[in-house]
Amino acid sequence: MRLLAFLLLGLAACGSEAPAPGPAADVPFGATLTDVTRETGITFVHEGGASARKWLPETMGSGVLMLDHDGDGDIDLLFPSRGSTRLWRNDGAWRFTDVSAESGIDATGYAMGGAVADYDADGDPDVYLTCLDGNLLLRNDGGRFARVPGAPSGGGWGDPEGEFPSWSMAAAWLDADGDGDLDLVVVNYVRWAPHRDVHAEVVEGEKAYTRPQLYEGDRPRLYLQEADGGFRDATKGSGLDETPVAGKSLGLCVDDFDGDGRIDLFVANDTVQNFLFLGTGPARWREAALERGVAFDDAGAARAAMGVDSADWKNDGRPAIAVGNFSDEPVSLFAVEEGRFRDEAASAGLLEPTRIPLTFGVLFRDLDLDGRADLVLANGHIEPSIGKLRRELLHAQAPQVFRNLGGGRFREVPAPARPIVGRGLAAGDLDGDGDLDLVFTANGGAPLLVRNDLANGNRCLRLRLRQPGTRNLDAIGATVVVRAGGLARRDVVRTASSYLSGSEPVLTFGLGAAAEADVEVTWPDGTRQAARLAAGPRPQVVERR
C-alpha cells in the first residue's frame with residue numbers, strides 16, 4: 001500500500017475543532033480516564049508465588065505486552081506470569097477472550113516481561129519472554145505460537161550449588177549491528193536462587209522481602225541474529241560487558257540520547273548506578289552514565305531504579321529520561337543541557353507528588369493529544385506489611401498521571417483511584433477511537449484497564465512504519481518528527497519501555513486542532529523521507545520508498 005496515506009489529505013480527525021496548541025496551564029485536561037476492567041471479561045490474576053518464605057522474586061511482579069497476534073487489526077494483551085502466562089484476544093467494544101490454549105501460549109516458566117517484534121520477517125509479531133528460570137522465544141505462525149529451540153537464554157551463572165540461568169527482566173529488539181535484521185539486548189537483575197535468599201525483617205519477628213544490596217548483580221547480554229535466523233551471544237567486546245559495576249537491571253530504554261544517529265541504551269539499575277551505553281559503531285557501545293550525569297542522583301547516591309521511558313517532553317528535539325524509583329526517592333527526570341543530563345524533577349513539579357509512592361511502571365504518552373508528552377506512573381510497594389512501619393506507606397497504591405503543561409512543567413491530574421500493587425504499564429488504542437488507553441499490571445492481582453475518552457476535540461496522527469523486502473519490516477529504530485500547530489513532536493519505533501512491558505507499535509502524535517501535519521521519517525539506515533499527512537484515528541501505513 002504505497003503510499004495512499006501520503007497522497008490523501010482528507011480532513012479525517014479524532015474530534016471536532018479545538019484550540020491550537022499553546023500554554024496549557026489554564027486549559028482543562030481534555031482526557032477522562034475510566035477504570036473499565038470489569039466490563040472487559042479479563043479474569044487474569046497475576047501469580048507471583050507469594051508465600052511465607054518471602055523470596056525476593058515474589059515482590060517483582062510482571063509486565064504486559066501489546067500485540068496484534070492474529071492480524072485482525074485489534075490490540076491483544078499478553079500477561080506474563082509464574083506458570084500461567086495468558087493471551088487475551090481483543091474482540092472489540094472492550095471485550096476480551098482468553099485464547100492462550102488455541103494460540104499455543106504454553107509458557108510454564110516464571111515469566112517476568114519481554115519484547116514483541118516480527119524477528120523472522122514473516123508478517124506477524126513474535127514474542128521474547130524474559131524469565132527467572134530461562135528465557136523463551138515464541139515464534140508466531142499465523143496466530144499460533146511455538147517455542148524456538150536454542151533461543152537466546154539471557155546468560156547464566158554458577159556457584160558451588162550448581163549452574164543457574166540469569167534472572168532476566170527487560171529486553172529490546174533492535175538492529176544492533178546495522179545488517180538489517182533484528183537482534184536482542186537483554187538486561188538481568190541479581191544472582192538469586194532459593195539457597196541464596198537472605199532473611200530480613202521490617203517488623204520484628206516477621207520475615208520481610210530483602211532489597212537487592214545483599215545480592216550480586218549480573219551483566220546485560222547482546223544476541224546478534226545470524227543469516228539462518230539463529231542467534232549468537234555477542235556480549236564480549238560489545239561494551240555491554242565493560243561496566244563499572246555489575247548491573248541490577250530492571251528497566252531498559254532504547255533511543256538516540258546524544259543525537260549522533262546511533263542506537264543508545266539506558267539501563268535502570270536497582271541500588272547501583274544506572275548505565276548509559278552510547279553507540280560507537282555496529283554492535284558496540286561505550287558506557288558513559290557518570291560523565292553524562294545519569295548514573296546517580298544529585299547527591300551522588302544510587303537510587304532503587306525500576307522502570308524507565310524517554311520522550312521529547314519539551315518539544316525541543318532532545319529526549320529526556322524518566323525513571324521510577326523507591327519510596328522516598330522521587331521520580332528522576334533527566335533532561336539534556338549542554339551535552340549532559342540534569343535531573344529536572346523538582347522544577348517540573350514532580351518532586352513532592354512522587355516522593356512517597358514506590359514507582360515501577362513509567363510511560364510518556366500524549367493522553368490529551370495536545371502535542372505534548374504526558375507522564376504516567378504505576379505505583380506499588382514491595383512489602384505487604386510496610387504500613388506497620390510507616391503509616392503513610394501502603395502496599396497497594398494508586399496510579400498517577402501528570403499532564404505536560406509546556407514550559408517545563410507537569411501537573412497531576414485525576415487518574416483511576418483504585419489502588420493496586422502496580423508494576424507494568426503499557427499504552428495503546430484498545431478501542432480504535434484514536435486516543436491512547438492504558439493497561440497496568442498488579443503483583444499478585446488483577447490488571448487495571450483504563451479507557452481514555454477525549455472531550456477537547458483534539459486530533460491525532462497515527463503511523464505504522466513498514467520496510468517491505470527487509471528483515472526489519474516494522475522499521476524498529478526509525479525516528480519520526482511531526483510538525484503541526486507550531487509544535488514539533490519526536491518519537492522512535494522501539495520495543496522496550498516502562499517496566500517489563502511493551503506498548504502498541506503504532507506511533508500516536510497529538511495534533512491539537514491541526515487537520516494535517518508535516519512528517520519526516522529517518523529510517524534505521526539514516527535515509528530520510530518527508531510527507532504531509534492528514535489527521536485521523538486509524539493508523540496510516542508509511543512505507544519506505
# chains A, B, ... in the order shown; residues from 1 in each chain; ligands from 1
call {"tool": "select_by_dssp", "arguments": {"residues": "region 18-264 of chain A", "states": "alpha helix (DSSP H)", "output": "PyMOL selection string"}}
result
chain A and resi 37-40+100-103
call {"tool": "residues_around", "arguments": {"residues": "region 415-428 of chain A", "least_positions_apart": "3", "cutoff": "7 Å", "atoms": "only C-alpha atoms", "output": "NGL selection string"}}
result
:A and (33-35 or 61-64 or 360-362 or 378-381 or 395-401 or 436-443 or 498-504)
call {"tool": "closest_residue", "arguments": {"among": "A:Glu226, A:Pro160, A:Tyr110, A:Gly259", "to": "Leu136 (chain A)", "atoms": "only C-alpha atoms"}}
result
A:Tyr110
call {"tool": "closest_residue", "arguments": {"among": "A:Ala246, A:Val331, A:Leu377, A:Leu463", "to": "Glu352 (chain A)", "atoms": "only C-alpha atoms"}}
result
A:Val331
call {"tool": "atom_distance", "arguments": {"atom1": "CA of Glu291 (chain A)", "atom2": "CA of Gly477 (chain A)"}}
result
25.0 Å
call {"tool": "residues_around", "arguments": {"residues": "region 69-85 of chain A", "least_positions_apart": "2", "cutoff": "6 Å", "atoms": "only C-alpha atoms", "output": "list in words"}}
result
His46, Glu47, Gly48, Val64, Leu65, Met66, Leu67, Leu87, Trp88, Arg89, Asn90, Ala107, Thr108, Gly109, Tyr110, Ala111, Met112, Gly113, Gly143 and Leu430 of chain A
